[in-house]
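Have a look at the structure below, then the notes.
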Protein chains: 2
Amino acid sequence: MTSSPPPLDATQLGAYFALIEASSLLKHAVEQQLRDAGDLSYVQFQLLATLGDSPTGSRRMTDLADGVVYSRSGLTYQAQTLEKRGLVTRTPSSDDERSITVTISDEGRAVLAGVFPGHIAVLDDLLFAPLSRSDIETLADVLARARDHMRQTPPRSAEPRRRKKTADPS
Amino acid sequence: MTSSPPPLDATQLGAYFALIEASSLLKHAVEQQLRDAGDLSYVQFQLLATLGDSPTGSRRMTDLADGVVYSRSGLTYQAQTLEKRGLVTRTPSSDDERSITVTISDEGRAVLAGVFPGHIAVLDDLLFAPLSRSDIETLADVLARARDHMRQTPPRSAEPRRRKKTADPS
DNA sequence: GTGATGTGCTTCGGATTCGAAGCAACTGAG
DNA sequence: CTCAGTTGCTTCGAATCCGAAGCACATCAC
């Protein structure tokens, strides 16, 4: 009944659905582990991990939001929550008075470290177990390319407030 | 600083992050398109699509929830919303009095059809554009295997209310 | 049949989410 | 300097989400 005007073959559909399903299932499982091990939501974990990954242990709010694909207001909420728990600190930036720099605390690093082993265990059991070495390599490569492409492709019909990269030479 | 007790090499990490990032970005983009084209949330689209895919156009509530990886209560909410909009009907099942069968309506199929072309366009532009034919095939294969594995692996430490498949032969 | 347990769904309460609007600091042109 | 436009973040309101608890039917043992 559903006519198929612009085609999309079975393989493509399969890839799409598998992507969505797999990421949903994985996220769900990981979420539970994080909740149990350190009382963290997935976003909170992502934020701490992102900060921990940074050489300085800190990032601007906006960059954090972009990094984890989250709304600004949502990030404000989560940052406040994390700050209340003492896992991060928020300090106004010196060069730009509006900007706020979020920094992971020792406590934050501790929670992160406490949660990480279990996190990895879940990944191994659920995601990597059924995959071969080369499967994983291919997956990493292909998905990274897709991600990069999406990152640089502006959201069809640019929003009122453009992104930062708008080096429009017109 | 973060010691790395149970290893997880760069490739694995890359695959994991790419998976999460790519699916987040894609979901986000698709969500916007669905909102514009048919005022549907992503879950609502998934539900309609799942129903539309069924030979009978209907499914049990629980199966729907499992299919789209959603909480039961969340599904109740969405099913009510969709019913109010006339996109689905909900009727008690005949063989099991507790069970409710959700069925997509003509109106629902219409909305689905109206939204589909744009949906596919987004997929083509964002996900498939930078990928080769064989990339897509591999992606479909690998992710399908991962998904199947996660589907059949019970959530580490089975919950109070077990899943249906517990054919424990002990 | 009767009770104990399991299963399907909903209700409830609280937490999270987002977009729109608002505020404050920056930037550039005149 | 001063104004307009931009950018960084927060507040606000409304929608959505989940888990725990509850209700009703089903199933199984006795």
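Numbering starts fresh at 1 for the residues of each chain in the structure tokens, the chains themselves are lettered A, B, ... in the order given, and ligands are numbered from 1 as they appear.
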Proximal residues of chain B relative to chain C (only C-alpha atoms (C1' of nucleotides); 9 Å) as a PyMOL selection string | chain B and resi 61-62+72-73+76+98-100+161
Keeping all heavy atoms for every residue in the selection just given, could you write it to a file as a tab-separated table (two decimals), in the first residue's frame?
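Saved to part_1.tsv:
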```
chain	number	residue	atom	x	y	z
B	61	MET	N	0.48	-4.21	22.26
B	61	MET	CA	1.20	-3.12	22.91
B	61	MET	C	2.62	-3.54	23.30
B	61	MET	O	3.60	-2.87	23.00
B	61	MET	CB	0.44	-2.68	24.17
B	61	MET	CG	-0.86	-1.98	23.91
B	61	MET	SD	-0.64	-0.28	23.36
B	61	MET	CE	-0.25	0.52	24.92
B	62	THR	N	2.70	-4.63	24.00
B	62	THR	CA	4.00	-5.09	24.49
B	62	THR	C	5.00	-5.33	23.36
B	62	THR	O	6.16	-4.94	23.46
B	62	THR	CB	3.82	-6.39	25.30
B	62	THR	OG1	3.10	-6.08	26.49
B	62	THR	CG2	5.16	-6.97	25.67
B	72	ARG	N	6.99	0.46	28.71
B	72	ARG	CA	5.56	0.19	28.56
B	72	ARG	C	4.76	1.45	28.80
B	72	ARG	O	3.85	1.78	28.06
B	72	ARG	CB	5.11	-0.88	29.55
B	72	ARG	CG	6.00	-2.08	29.63
B	72	ARG	CD	5.96	-2.82	28.35
B	72	ARG	NE	7.08	-3.74	28.22
B	72	ARG	CZ	6.97	-5.04	28.33
B	72	ARG	NH1	5.80	-5.57	28.57
B	72	ARG	NH2	8.04	-5.80	28.18
B	73	SER	N	5.08	2.13	29.88
B	73	SER	CA	4.30	3.31	30.22
B	73	SER	C	4.46	4.39	29.15
B	73	SER	O	3.49	5.08	28.80
B	73	SER	CB	4.72	3.85	31.58
B	73	SER	OG	6.12	3.99	31.66
B	76	THR	N	2.16	3.47	26.35
B	76	THR	CA	0.77	3.80	26.66
B	76	THR	C	0.50	5.26	26.32
B	76	THR	O	-0.48	5.60	25.65
B	76	THR	CB	0.48	3.57	28.15
B	76	THR	OG1	0.61	2.18	28.43
B	76	THR	CG2	-0.91	4.03	28.51
B	98	ARG	N	-6.70	-9.15	28.50
B	98	ARG	CA	-5.85	-8.04	28.98
B	98	ARG	C	-5.16	-7.32	27.85
B	98	ARG	O	-4.83	-6.15	27.91
B	98	ARG	CB	-4.74	-8.58	29.88
B	98	ARG	CG	-5.17	-9.45	30.96
B	98	ARG	CD	-4.00	-10.24	31.49
B	98	ARG	NE	-3.62	-11.30	30.57
B	98	ARG	CZ	-2.63	-12.14	30.81
B	98	ARG	NH1	-1.91	-12.03	31.90
B	98	ARG	NH2	-2.33	-13.09	29.94
B	99	SER	N	-4.91	-8.06	26.83
B	99	SER	CA	-4.08	-7.58	25.73
B	99	SER	C	-4.80	-6.56	24.86
B	99	SER	O	-6.01	-6.67	24.64
B	99	SER	CB	-3.67	-8.79	24.90
B	99	SER	OG	-2.84	-8.40	23.86
B	100	ILE	N	-4.06	-5.58	24.38
B	100	ILE	CA	-4.65	-4.58	23.50
B	100	ILE	C	-3.95	-4.59	22.16
B	100	ILE	O	-2.72	-4.58	22.09
B	100	ILE	CB	-4.55	-3.18	24.13
B	100	ILE	CG1	-5.47	-3.12	25.35
B	100	ILE	CG2	-4.88	-2.10	23.13
B	100	ILE	CD1	-5.93	-1.75	25.69
B	161	ARG	N	10.63	-8.84	36.76
B	161	ARG	CA	9.72	-9.35	35.74
B	161	ARG	C	10.52	-9.74	34.52
B	161	ARG	O	10.96	-8.90	33.75
B	161	ARG	CB	8.74	-8.27	35.34
B	161	ARG	CG	7.60	-8.10	36.30
B	161	ARG	CD	6.58	-7.19	35.67
B	161	ARG	NE	5.28	-7.29	36.35
B	161	ARG	CZ	4.18	-6.80	35.82
B	161	ARG	NH1	4.18	-6.22	34.65
B	161	ARG	NH2	3.04	-6.90	36.46
```
Just need the residues of chain B within 7 Å of chain D, counting only C-alpha atoms (C1' of nucleotides), so spit them out as a PyMOL selection string.
-> chain B and resi 71+74+97-98
When you get a sec, could you note down which chain A residues fall within 7 Å of chain B, using only C-alpha atoms, as a PDB file with N, CA, C and O atoms, in the first residue's frame?
```pdb
ATOM      1  N   THR A   2       1.829   1.272   0.866  1.00  0.00           N
ATOM      2  CA  THR A   2       2.716   2.422   0.872  1.00  0.00           C
ATOM      3  C   THR A   2       3.546   2.420  -0.408  1.00  0.00           C
ATOM      4  O   THR A   2       4.483   1.657  -0.549  1.00  0.00           O
ATOM      5  N   PRO A   6      10.559   7.546  -4.070  1.00  0.00           N
ATOM      6  CA  PRO A   6      12.007   7.582  -4.172  1.00  0.00           C
ATOM      7  C   PRO A   6      12.518   6.315  -3.509  1.00  0.00           C
ATOM      8  O   PRO A   6      12.390   6.152  -2.308  1.00  0.00           O
ATOM      9  N   THR A  11      18.678  -3.233   1.498  1.00  0.00           N
ATOM     10  CA  THR A  11      19.942  -3.128   2.232  1.00  0.00           C
ATOM     11  C   THR A  11      20.035  -1.814   2.983  1.00  0.00           C
ATOM     12  O   THR A  11      20.430  -1.769   4.153  1.00  0.00           O
ATOM     13  N   GLN A  12      19.669  -0.758   2.317  1.00  0.00           N
ATOM     14  CA  GLN A  12      19.718   0.553   2.973  1.00  0.00           C
ATOM     15  C   GLN A  12      18.788   0.602   4.171  1.00  0.00           C
ATOM     16  O   GLN A  12      19.169   1.036   5.254  1.00  0.00           O
ATOM     17  N   GLY A  14      17.737  -1.853   5.842  1.00  0.00           N
ATOM     18  CA  GLY A  14      18.300  -2.727   6.865  1.00  0.00           C
ATOM     19  C   GLY A  14      19.397  -2.040   7.650  1.00  0.00           C
ATOM     20  O   GLY A  14      19.450  -2.136   8.879  1.00  0.00           O
ATOM     21  N   ALA A  15      20.252  -1.337   6.952  1.00  0.00           N
ATOM     22  CA  ALA A  15      21.344  -0.632   7.621  1.00  0.00           C
ATOM     23  C   ALA A  15      20.786   0.432   8.558  1.00  0.00           C
ATOM     24  O   ALA A  15      21.222   0.571   9.704  1.00  0.00           O
ATOM     25  N   ALA A  18      18.966  -1.208  11.538  1.00  0.00           N
ATOM     26  CA  ALA A  18      19.948  -1.858  12.413  1.00  0.00           C
ATOM     27  C   ALA A  18      20.711  -0.809  13.205  1.00  0.00           C
ATOM     28  O   ALA A  18      20.996  -0.989  14.394  1.00  0.00           O
ATOM     29  N   LEU A  19      21.014   0.288  12.558  1.00  0.00           N
ATOM     30  CA  LEU A  19      21.736   1.361  13.250  1.00  0.00           C
ATOM     31  C   LEU A  19      20.928   1.905  14.413  1.00  0.00           C
ATOM     32  O   LEU A  19      21.418   2.028  15.536  1.00  0.00           O
ATOM     33  N   ILE A  20      19.696   2.224  14.131  1.00  0.00           N
ATOM     34  CA  ILE A  20      18.834   2.782  15.166  1.00  0.00           C
ATOM     35  C   ILE A  20      18.585   1.781  16.291  1.00  0.00           C
ATOM     36  O   ILE A  20      18.709   2.115  17.478  1.00  0.00           O
ATOM     37  N   GLU A  21      18.271   0.579  15.898  1.00  0.00           N
ATOM     38  CA  GLU A  21      17.973  -0.441  16.908  1.00  0.00           C
ATOM     39  C   GLU A  21      19.178  -0.748  17.761  1.00  0.00           C
ATOM     40  O   GLU A  21      19.095  -0.795  18.986  1.00  0.00           O
ATOM     41  N   ALA A  22      20.301  -0.968  17.105  1.00  0.00           N
ATOM     42  CA  ALA A  22      21.510  -1.324  17.844  1.00  0.00           C
ATOM     43  C   ALA A  22      21.895  -0.211  18.814  1.00  0.00           C
ATOM     44  O   ALA A  22      22.210  -0.470  19.977  1.00  0.00           O
ATOM     45  N   SER A  23      21.848   1.006  18.352  1.00  0.00           N
ATOM     46  CA  SER A  23      22.246   2.094  19.245  1.00  0.00           C
ATOM     47  C   SER A  23      21.250   2.258  20.387  1.00  0.00           C
ATOM     48  O   SER A  23      21.638   2.532  21.521  1.00  0.00           O
ATOM     49  N   SER A  24      19.983   2.042  20.110  1.00  0.00           N
ATOM     50  CA  SER A  24      18.987   2.136  21.172  1.00  0.00           C
ATOM     51  C   SER A  24      19.211   1.067  22.222  1.00  0.00           C
ATOM     52  O   SER A  24      19.210   1.349  23.427  1.00  0.00           O
ATOM     53  N   LEU A  25      19.383  -0.144  21.767  1.00  0.00           N
ATOM     54  CA  LEU A  25      19.572  -1.257  22.697  1.00  0.00           C
ATOM     55  C   LEU A  25      20.827  -1.042  23.528  1.00  0.00           C
ATOM     56  O   LEU A  25      20.827  -1.226  24.747  1.00  0.00           O
ATOM     57  N   ALA A  29      21.123  -0.435  27.652  1.00  0.00           N
ATOM     58  CA  ALA A  29      21.889  -1.317  28.530  1.00  0.00           C
ATOM     59  C   ALA A  29      22.935  -0.521  29.300  1.00  0.00           C
ATOM     60  O   ALA A  29      23.095  -0.669  30.514  1.00  0.00           O
ATOM     61  N   VAL A  69      25.774  16.345  21.266  1.00  0.00           N
ATOM     62  CA  VAL A  69      24.528  16.512  20.517  1.00  0.00           C
ATOM     63  C   VAL A  69      23.359  16.720  21.476  1.00  0.00           C
ATOM     64  O   VAL A  69      22.480  15.871  21.621  1.00  0.00           O
ATOM     65  N   ALA A 113      36.105   7.042  36.831  1.00  0.00           N
ATOM     66  CA  ALA A 113      36.964   5.858  36.913  1.00  0.00           C
ATOM     67  C   ALA A 113      36.206   4.670  37.507  1.00  0.00           C
ATOM     68  O   ALA A 113      36.399   3.530  37.090  1.00  0.00           O
ATOM     69  N   PRO A 117      35.136   0.660  34.151  1.00  0.00           N
ATOM     70  CA  PRO A 117      35.309  -0.773  33.936  1.00  0.00           C
ATOM     71  C   PRO A 117      34.008  -1.480  33.576  1.00  0.00           C
ATOM     72  O   PRO A 117      33.961  -2.251  32.602  1.00  0.00           O
ATOM     73  N   LEU A 126      27.995  -6.832  24.925  1.00  0.00           N
ATOM     74  CA  LEU A 126      26.848  -6.599  24.070  1.00  0.00           C
ATOM     75  C   LEU A 126      27.193  -6.190  22.647  1.00  0.00           C
ATOM     76  O   LEU A 126      26.593  -6.665  21.702  1.00  0.00           O
ATOM     77  N   LEU A 127      28.135  -5.301  22.525  1.00  0.00           N
ATOM     78  CA  LEU A 127      28.438  -4.793  21.186  1.00  0.00           C
ATOM     79  C   LEU A 127      29.534  -5.572  20.478  1.00  0.00           C
ATOM     80  O   LEU A 127      29.383  -5.970  19.322  1.00  0.00           O
ATOM     81  N   PRO A 130      29.858 -10.291  19.406  1.00  0.00           N
ATOM     82  CA  PRO A 130      29.551 -11.019  18.181  1.00  0.00           C
ATOM     83  C   PRO A 130      30.306 -10.505  16.957  1.00  0.00           C
ATOM     84  O   PRO A 130      30.033 -10.954  15.849  1.00  0.00           O
ATOM     85  N   ASP A 135      35.445  -6.585  11.589  1.00  0.00           N
ATOM     86  CA  ASP A 135      34.105  -5.992  11.663  1.00  0.00           C
ATOM     87  C   ASP A 135      34.186  -4.659  12.385  1.00  0.00           C
ATOM     88  O   ASP A 135      33.630  -3.645  11.942  1.00  0.00           O
ATOM     89  N   ILE A 136      34.872  -4.697  13.513  1.00  0.00           N
ATOM     90  CA  ILE A 136      34.958  -3.505  14.351  1.00  0.00           C
ATOM     91  C   ILE A 136      35.702  -2.388  13.637  1.00  0.00           C
ATOM     92  O   ILE A 136      35.305  -1.222  13.676  1.00  0.00           O
ATOM     93  N   GLU A 137      36.760  -2.766  12.959  1.00  0.00           N
ATOM     94  CA  GLU A 137      37.514  -1.757  12.221  1.00  0.00           C
ATOM     95  C   GLU A 137      36.655  -1.109  11.144  1.00  0.00           C
ATOM     96  O   GLU A 137      36.635   0.114  10.993  1.00  0.00           O
ATOM     97  N   LEU A 139      33.415  -1.005  11.000  1.00  0.00           N
ATOM     98  CA  LEU A 139      32.365  -0.239  11.666  1.00  0.00           C
ATOM     99  C   LEU A 139      32.881   1.143  12.051  1.00  0.00           C
ATOM    100  O   LEU A 139      32.257   2.165  11.776  1.00  0.00           O
ATOM    101  N   ALA A 140      34.029   1.163  12.692  1.00  0.00           N
ATOM    102  CA  ALA A 140      34.620   2.422  13.124  1.00  0.00           C
ATOM    103  C   ALA A 140      34.841   3.347  11.930  1.00  0.00           C
ATOM    104  O   ALA A 140      34.501   4.531  11.969  1.00  0.00           O
ATOM    105  N   VAL A 142      33.504   3.277   8.780  1.00  0.00           N
ATOM    106  CA  VAL A 142      32.299   3.691   8.068  1.00  0.00           C
ATOM    107  C   VAL A 142      31.484   4.691   8.879  1.00  0.00           C
ATOM    108  O   VAL A 142      31.076   5.733   8.370  1.00  0.00           O
ATOM    109  N   LEU A 143      31.285   4.368  10.131  1.00  0.00           N
ATOM    110  CA  LEU A 143      30.477   5.261  10.964  1.00  0.00           C
ATOM    111  C   LEU A 143      31.170   6.602  11.179  1.00  0.00           C
ATOM    112  O   LEU A 143      30.512   7.645  11.264  1.00  0.00           O
ATOM    113  N   ALA A 144      32.481   6.579  11.269  1.00  0.00           N
ATOM    114  CA  ALA A 144      33.209   7.833  11.444  1.00  0.00           C
ATOM    115  C   ALA A 144      33.017   8.717  10.216  1.00  0.00           C
ATOM    116  O   ALA A 144      32.818   9.932  10.337  1.00  0.00           O
ATOM    117  N   ARG A 145      33.030   8.092   9.066  1.00  0.00           N
ATOM    118  CA  ARG A 145      32.827   8.885   7.852  1.00  0.00           C
ATOM    119  C   ARG A 145      31.426   9.487   7.832  1.00  0.00           C
ATOM    120  O   ARG A 145      31.226  10.657   7.498  1.00  0.00           O
ATOM    121  N   ALA A 146      30.455   8.663   8.176  1.00  0.00           N
ATOM    122  CA  ALA A 146      29.071   9.149   8.210  1.00  0.00           C
ATOM    123  C   ALA A 146      28.938  10.294   9.217  1.00  0.00           C
ATOM    124  O   ALA A 146      28.350  11.330   8.925  1.00  0.00           O
ATOM    125  N   ARG A 147      29.525  10.102  10.373  1.00  0.00           N
ATOM    126  CA  ARG A 147      29.445  11.121  11.411  1.00  0.00           C
ATOM    127  C   ARG A 147      30.071  12.439  10.947  1.00  0.00           C
ATOM    128  O   ARG A 147      29.469  13.500  11.078  1.00  0.00           O
ATOM    129  N   HIS A 149      30.498  13.505   8.017  1.00  0.00           N
ATOM    130  CA  HIS A 149      29.661  14.105   6.990  1.00  0.00           C
ATOM    131  C   HIS A 149      28.478  14.847   7.618  1.00  0.00           C
ATOM    132  O   HIS A 149      28.172  15.983   7.261  1.00  0.00           O
ATOM    133  N   MET A 150      27.856  14.207   8.588  1.00  0.00           N
ATOM    134  CA  MET A 150      26.701  14.842   9.238  1.00  0.00           C
ATOM    135  C   MET A 150      27.120  16.065  10.040  1.00  0.00           C
ATOM    136  O   MET A 150      26.402  17.052  10.122  1.00  0.00           O
ATOM    137  N   PRO A 155      22.099  21.602   8.941  1.00  0.00           N
ATOM    138  CA  PRO A 155      20.735  21.070   9.015  1.00  0.00           C
ATOM    139  C   PRO A 155      19.802  21.685   7.991  1.00  0.00           C
ATOM    140  O   PRO A 155      19.185  22.698   8.272  1.00  0.00           O
TER     141      PRO A 155
END
```
May I have all residues of chain B that DSSP, computed from the backbone, assigns to alpha helix (DSSP H), given as JSON, numbers by chain?
-> {"B": [10, 11, 12, 13, 14, 15, 16, 17, 18, 19, 20, 21, 22, 23, 24, 25, 26, 27, 28, 29, 30, 31, 32, 33, 34, 35, 36, 37, 38, 42, 43, 44, 45, 46, 47, 48, 49, 50, 51, 52, 53, 61, 62, 63, 64, 65, 66, 67, 68, 72, 73, 74, 75, 76, 77, 78, 79, 80, 81, 82, 83, 84, 106, 107, 108, 109, 110, 111, 112, 113, 114, 115, 116, 117, 118, 119, 120, 121, 122, 133, 134, 135, 136, 137, 138, 139, 140, 141, 142, 143, 144, 145, 146, 147, 148, 149, 150, 151, 152]}
Work out how far apart atom CA of B:Ala49 and atom CA of B:Ser94 are and give it in Å to one decimal.
->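 Pair atom CA of B:Ala49 / atom CA of B:Ser94 returns 24.2 Å.
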Write down as number ranges by chain the residues belonging to stretch 93-162 of chain A that are assigned strand (DSSP E) by DSSP computed on the backbone.
-> A: 100-104
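As for atom CA of A:Pro55 and atom CA of A:Thr101, they are spaced 13.7 Å apart.
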